[in-house]
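*Asks:* Dropping the structure in here first, questions after.
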Amino acid sequence: MTTPTYRLLPEWHPQDGIQMTWPRPDGDWQPLLACIEATLERIIIAVTRIQRVLISVPDDATRTRLAATFHAYGVPERQLVFCVAPTDDTWARDHGPITVADKDGQLQLLNYTFTGWGGKFPAEHDNQLTQRLADAGVWNCPVSSRTLVLEGGAIETDGNGTLLTTEACLLNPNRNPQLTRSALEAQLEADLGVDRVLWLANGHLEGDDTDSHVDTLARFCDPATIAYVRCDDPKDPHFDALRAMEQELQAFRQRDGAPYRLIPLPWPNACHAPDDGRRLPATYANFLIINQAVLVPTYGDPADLVALQALTEAFPEHTLIPIECTHVIRQHGSLHCLTMQLPRGTLAAHPTDRESSCNVC
């Protein structure tokens with residue numbers, strides 16, 4: 001086997017910051033704009049206590065307003081990087097870059113093709129965002145574009161060459177229909193330096209538009225630990241699929257043949273959209289790992305405390321920060337979906353060290 005040129009970095013790799021995309025006032029968030037903006041503010045305030053946040057905003061007026069808002073909250077200016085750029089939606093996890101490192105630690109941002117989860121939603125602007133940010137001088141490392149359709153929420157890594165994903169997403173004909181499983185694995189090996197792919201054939205969430213992104217179901221917490229959602233209610237329509245997924249996880253083995261340490265996450269009470277009654281994809285697996293902390297989605301549910309206790313076991317050396325995400329799931333995503341981690345070395349010097357905050361045409 002040839003030595004991989006690059007290695008996909010795990011989420012717990014030291015970070016410069018996270019990337020977020022602010023909602024357009026005329027976008028899908030319009031009926032909930034004040035609510036989702038308040039949630040995004042809470043995320044940014046929590047993160048900027050530790051590291052930077054790169055925020056794409058729809059216009060200069062929004063940038064000016066947010067700069068004043070976060071200044072009033074006491075957020076240091078150097079912790080925020082604003083860029084004006086056209087976007088379609090807020091889900092930075094899926095339109096943000098995926099970072100790999102070579103054997104010398106040199107980073108590269110992979111700019112995969114984003115099609116709005118298989119053409120379900122407009123994505124032209126989001127698909128161009130990573131390159132637009134590169135043109136604006138935001139990145140401190142090169143960007144390499146890929147024609148492969150791939151979203152960040154679809155993959156998890158242990159950082160040591162193992163990838164965790166779902167068949168329902170990566171093998172869906174609405175993504176890369178020209179590729180067989182083996183051809184897709186070969187592409188992922190070449191791009192990401194992975195030599196093992198753990199495929200989950202089971203598991204889904206009602207109300208999820210992503211075709212079972214793995215970050216809603218099962219997550220690496222460290223190279224030997226996977227936290228996953230478990231449904232204990234036989235009457236729930238998710239019960240059989242999630243029980244089958246649990247059995248798959250129990251059968252997976254680490255590279256040395258040892259089973260993974262599995263940490264089950266609780267199942268919150270069913271959440272439904274107030275307008276059409278559609279079930280919403282509330283999941284505690286959609287947490288975000290940053291430097292020294294883990295942001296955990298909560299839903300005003302008795303299971304919130306159980307989830308925080310379980311993730312304390314998974315991350316004993318991290319501070320857990322609960323973020324109320326009841327409004328986020330109204331648009332069928334959650335906390336992790338709103339963010340993309342930016343490993344240390346990806347972000348250029350703060351604009352105040354170079355020039356005023358950047359504009360993107």
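Chains: A, B, ... in order of the structure tokens. Residues: from 1 per chain. Ligands: from 1, in order shown.
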I'd like the contact shell of segment 209-226 of chain A - 6 Å cut-off, only C-alpha atoms, skipping same-chain residues fewer than 6 positions apart - returned as an MDAnalysis selection string.

*Replies:* chainID A and resid 117 153:154 158 165 168:169 260:262 285:286

*Asks:* Limited to C-alpha atoms, could you put the picked residues into a file as a JSON list (two decimals), in the first residue's frame?

*Replies:*
[["chain", "number", "residue", "atom", "x", "y", "z"],
["A", 117, "TRP", "CA", -28.03, 17.35, -0.48],
["A", 153, "GLY", "CA", -21.65, 16.05, 7.83],
["A", 154, "ALA", "CA", -21.48, 12.81, 5.85],
["A", 158, "ASP", "CA", -10.61, 8.87, 13.94],
["A", 165, "THR", "CA", -20.13, 7.01, 7.13],
["A", 168, "ALA", "CA", -27.81, 5.93, 2.68],
["A", 169, "CYS", "CA", -25.85, 9.12, 2.03],
["A", 260, "TYR", "CA", -14.89, 0.43, 20.08],
["A", 261, "ARG", "CA", -15.89, 2.02, 23.35],
["A", 262, "LEU", "CA", -19.52, 2.89, 22.64],
["A", 285, "ALA", "CA", -25.05, 13.35, 18.28],
["A", 286, "ASN", "CA", -24.86, 16.73, 16.53]]

*Asks:* When you look at segment 195-205 of chain A with a cut-off of 9 Å (counting only C-alpha atoms), what residues show up, excluding the ones that are within fewer than 5 positions of it in the same chain? I need them as number ranges by chain.

*Replies:* A: 4, 161-168, 185-186, 188-189, 211-214, 216-217, 238, 240-246, 248-249, 252, 255, 279-283

*Asks:* What would the file look like if the residues just selected were written as a CSV table (one decimal), in the first residue's frame with N, CA, C and O atoms?

*Replies:*
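Saved the output as again_1.csv:
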chain,number,residue,atom,x,y,z
A,4,PRO,N,-0.2,7.4,2.2
A,4,PRO,CA,-1.1,8.5,1.7
A,4,PRO,C,-0.4,9.9,1.8
A,4,PRO,O,0.4,10.1,2.6
A,161,GLY,N,-6.8,7.2,9.8
A,161,GLY,CA,-7.1,6.5,8.5
A,161,GLY,C,-8.4,5.7,8.5
A,161,GLY,O,-8.6,5.0,7.5
A,162,THR,N,-9.2,5.9,9.5
A,162,THR,CA,-10.5,5.2,9.5
A,162,THR,C,-11.6,6.3,9.3
A,162,THR,O,-11.6,7.3,9.9
A,163,LEU,N,-12.5,6.0,8.3
A,163,LEU,CA,-13.7,6.8,8.1
A,163,LEU,C,-15.0,6.1,8.5
A,163,LEU,O,-15.1,4.9,8.2
A,164,LEU,N,-15.9,6.8,9.1
A,164,LEU,CA,-17.2,6.3,9.4
A,164,LEU,C,-18.2,7.1,8.6
A,164,LEU,O,-18.2,8.3,8.6
A,165,THR,N,-19.1,6.4,8.0
A,165,THR,CA,-20.1,7.0,7.1
A,165,THR,C,-21.3,6.1,7.0
A,165,THR,O,-21.4,5.0,7.6
A,166,THR,N,-22.3,6.6,6.2
A,166,THR,CA,-23.5,5.8,6.0
A,166,THR,C,-23.7,5.5,4.5
A,166,THR,O,-23.4,6.3,3.7
A,167,GLU,N,-24.2,4.3,4.3
A,167,GLU,CA,-24.6,3.9,2.9
A,167,GLU,C,-25.7,4.8,2.3
A,167,GLU,O,-25.7,5.2,1.1
A,168,ALA,N,-26.7,5.2,3.2
A,168,ALA,CA,-27.8,5.9,2.7
A,168,ALA,C,-27.4,7.3,2.1
A,168,ALA,O,-28.1,7.8,1.2
A,185,GLU,N,-14.6,4.6,-2.5
A,185,GLU,CA,-13.6,4.3,-1.5
A,185,GLU,C,-12.2,4.7,-2.0
A,185,GLU,O,-11.4,5.3,-1.2
A,186,ALA,N,-11.9,4.4,-3.2
A,186,ALA,CA,-10.6,4.7,-3.8
A,186,ALA,C,-10.4,6.2,-3.9
A,186,ALA,O,-9.3,6.7,-3.6
A,188,LEU,N,-11.9,8.5,-1.9
A,188,LEU,CA,-11.7,8.9,-0.5
A,188,LEU,C,-10.3,8.6,0.0
A,188,LEU,O,-9.7,9.4,0.7
A,189,GLU,N,-9.8,7.5,-0.4
A,189,GLU,CA,-8.4,7.1,0.0
A,189,GLU,C,-7.4,8.1,-0.5
A,189,GLU,O,-6.5,8.5,0.1
A,211,ASP,N,-30.2,12.6,3.9
A,211,ASP,CA,-30.1,11.2,3.6
A,211,ASP,C,-29.2,10.5,4.6
A,211,ASP,O,-28.2,9.8,4.2
A,212,SER,N,-29.4,10.8,5.9
A,212,SER,CA,-28.7,10.1,7.0
A,212,SER,C,-27.2,10.5,7.1
A,212,SER,O,-26.3,9.6,7.0
A,213,HIS,N,-27.0,11.7,7.2
A,213,HIS,CA,-25.6,12.2,7.6
A,213,HIS,C,-25.2,11.5,8.9
A,213,HIS,O,-25.9,11.4,9.8
A,214,VAL,N,-23.9,11.0,8.9
A,214,VAL,CA,-23.5,10.3,10.0
A,214,VAL,C,-23.4,11.2,11.3
A,214,VAL,O,-23.5,10.7,12.4
A,216,THR,N,-25.5,13.0,12.5
A,216,THR,CA,-26.7,13.0,13.2
A,216,THR,C,-26.9,11.7,14.0
A,216,THR,O,-27.8,11.6,14.8
A,217,LEU,N,-26.0,10.7,13.7
A,217,LEU,CA,-26.2,9.3,14.2
A,217,LEU,C,-25.1,8.8,15.1
A,217,LEU,O,-25.4,8.3,16.2
A,238,HIS,N,-38.3,4.8,14.8
A,238,HIS,CA,-36.9,4.7,14.6
A,238,HIS,C,-36.3,3.5,15.3
A,238,HIS,O,-35.1,3.2,15.1
A,240,ASP,N,-36.3,0.1,15.3
A,240,ASP,CA,-35.7,-1.0,14.6
A,240,ASP,C,-34.4,-0.6,13.9
A,240,ASP,O,-33.4,-1.3,14.0
A,241,ALA,N,-34.4,0.5,13.2
A,241,ALA,CA,-33.3,0.9,12.4
A,241,ALA,C,-32.1,1.3,13.4
A,241,ALA,O,-31.0,1.0,13.1
A,242,LEU,N,-32.4,2.0,14.4
A,242,LEU,CA,-31.4,2.4,15.4
A,242,LEU,C,-30.8,1.2,16.2
A,242,LEU,O,-29.7,1.2,16.5
A,243,ARG,N,-31.7,0.3,16.4
A,243,ARG,CA,-31.2,-0.9,17.1
A,243,ARG,C,-30.3,-1.7,16.2
A,243,ARG,O,-29.2,-2.2,16.6
A,244,ALA,N,-30.6,-1.8,14.9
A,244,ALA,CA,-29.7,-2.4,13.9
A,244,ALA,C,-28.4,-1.6,13.8
A,244,ALA,O,-27.3,-2.2,13.6
A,245,MET,N,-28.5,-0.3,13.8
A,245,MET,CA,-27.3,0.5,13.8
A,245,MET,C,-26.4,0.2,15.0
A,245,MET,O,-25.2,0.1,14.9
A,246,GLU,N,-27.0,0.1,16.1
A,246,GLU,CA,-26.2,-0.2,17.3
A,246,GLU,C,-25.5,-1.5,17.2
A,246,GLU,O,-24.3,-1.7,17.6
A,248,GLU,N,-24.5,-2.9,14.4
A,248,GLU,CA,-23.4,-2.7,13.5
A,248,GLU,C,-22.2,-2.1,14.2
A,248,GLU,O,-21.0,-2.5,14.1
A,249,LEU,N,-22.4,-1.0,15.1
A,249,LEU,CA,-21.4,-0.4,15.8
A,249,LEU,C,-20.7,-1.4,16.8
A,249,LEU,O,-19.5,-1.3,16.9
A,252,PHE,N,-18.2,-3.4,14.8
A,252,PHE,CA,-17.0,-2.8,14.2
A,252,PHE,C,-15.8,-3.0,15.1
A,252,PHE,O,-16.0,-3.1,16.4
A,255,ARG,N,-8.4,-0.8,14.5
A,255,ARG,CA,-7.4,-1.4,13.7
A,255,ARG,C,-6.7,-2.6,14.3
A,255,ARG,O,-6.3,-3.5,13.7
A,279,ARG,N,-42.2,15.5,11.8
A,279,ARG,CA,-41.2,15.3,12.9
A,279,ARG,C,-39.9,15.9,12.6
A,279,ARG,O,-39.4,15.9,11.4
A,280,LEU,N,-39.2,16.5,13.6
A,280,LEU,CA,-38.0,17.2,13.4
A,280,LEU,C,-36.8,16.4,13.9
A,280,LEU,O,-37.0,15.6,14.9
A,281,PRO,N,-35.6,16.5,13.3
A,281,PRO,CA,-34.5,15.6,13.6
A,281,PRO,C,-33.7,16.0,14.8
A,281,PRO,O,-32.5,16.4,14.7
A,282,ALA,N,-34.3,15.9,16.0
A,282,ALA,CA,-33.6,16.3,17.2
A,282,ALA,C,-32.6,15.1,17.6
A,282,ALA,O,-33.0,14.0,17.7
A,283,THR,N,-31.4,15.5,17.7
A,283,THR,CA,-30.4,14.5,18.0
A,283,THR,C,-29.2,15.1,18.8
A,283,THR,O,-28.8,16.2,18.6

*Asks:* Name all residues at most 8 Å from Pro86 of chain A (count only C-alpha atoms; drop same-chain ones fewer than 3 positions away) and give them as a list in words.

*Replies:*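 The filter keeps Val57, Pro58, His125, Asp126, Leu129 and Cys361 of chain A.
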
*Asks:* So, counting only C-alpha atoms, which residue among A:Leu107, A:Cys35, A:Gln187, A:Gln254 is closest to Asn140 of chain A?

*Replies:*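 Distance minimum relative to Asn140 of chain A lands on A:Leu107.
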
*Asks:* Tell me which of A:Cys141, A:Val84, A:Cys337, A:Ile50 sits closest to Gln106 of chain A, counting only C-alpha atoms.

*Replies:*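 So, comparing all the options, the nearest one is A:Cys141.
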
*Asks:* Return as CSV the residues of segment 327-348 of chain A lying at most 12 Å from segment 304-323 of chain A, together with the closest atom-to-atom pair for each and the distance in Å to one decimal, counting only C-alpha atoms, with rows in chain order and ascending residue number.

*Replies:*
residue,atom,partner,partner_atom,distance
A:His327,CA,A:Ile323,CA,10.9
A:Val328,CA,A:Ile323,CA,10.3
A:Ser334,CA,A:Ile323,CA,10.0
A:Leu335,CA,A:Ile323,CA,7.8
A:His336,CA,A:Ile323,CA,10.9

*Asks:* Output as a PyMOL selection string all residues of segment 102-336 of chain A that backbone DSSP marks as alpha helix (DSSP H).

*Replies:* chain A and resi 116-119+124-135+167-170+181-192+239-251+303-314

*Asks:* Which of these residues is nearest to Ile45 of chain A, using only C-alpha atoms: A:Ala227, A:Ala190, A:Leu295, A:Cys325?

*Replies:*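 Closest to Ile45 of chain A, using only C-alpha atoms: A:Leu295.
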
*Asks:* From segment 84-262 of chain A, collect each residue whose DSSP state is strand (DSSP E or B) and return the set as a PyMOL selection string.

*Replies:* chain A and resi 84+98-102+107-113+139+143-149+156-157+162-166+196-200+218-222+225-229+253+259+261-262

*Asks:* So how many Å separate atom CA of Arg24 of chain A and atom CA of Asp89 of chain A, to one decimal?

*Replies:*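 These two atoms are separated by 7.4 Å.
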
*Asks:* So what do you get for atom CA of Val47 of chain A versus atom CA of Tyr228 of chain A, distance-wise?

*Replies:*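 Rounded to one decimal, the two atoms are 23.9 Å apart.
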
*Asks:* Of the candidates A:Ile290, A:Leu9, A:Ala72, A:Val194, which one gets nearest to Gln108 of chain A if we count only C-alpha atoms?

*Replies:*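 With only C-alpha atoms as the atom set, the closest residue is A:Leu9.
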
*Asks:* Measuring atom to atom with only C-alpha atoms, identify which of A:Ile329, A:Leu342, A:Ile263, A:Ile18 is nearest to Thr39 of chain A.

*Replies:*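 For Thr39 of chain A, the nearest of the candidates is A:Ile329.
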
*Asks:* Quote the spacing between atom CA of Asn291 of chain A and atom CA of Gly17 of chain A in Å to one decimal place.

*Replies:*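 Result for atom CA of Asn291 of chain A versus atom CA of Gly17 of chain A: 8.6 Å, one decimal.
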
*Asks:* Point out the residue among A:Leu54, A:Ile98, A:Ala92, A:Ala270 with the least atom-to-atom distance to Ala349 of chain A, counting only C-alpha atoms.

*Replies:* A:Leu54
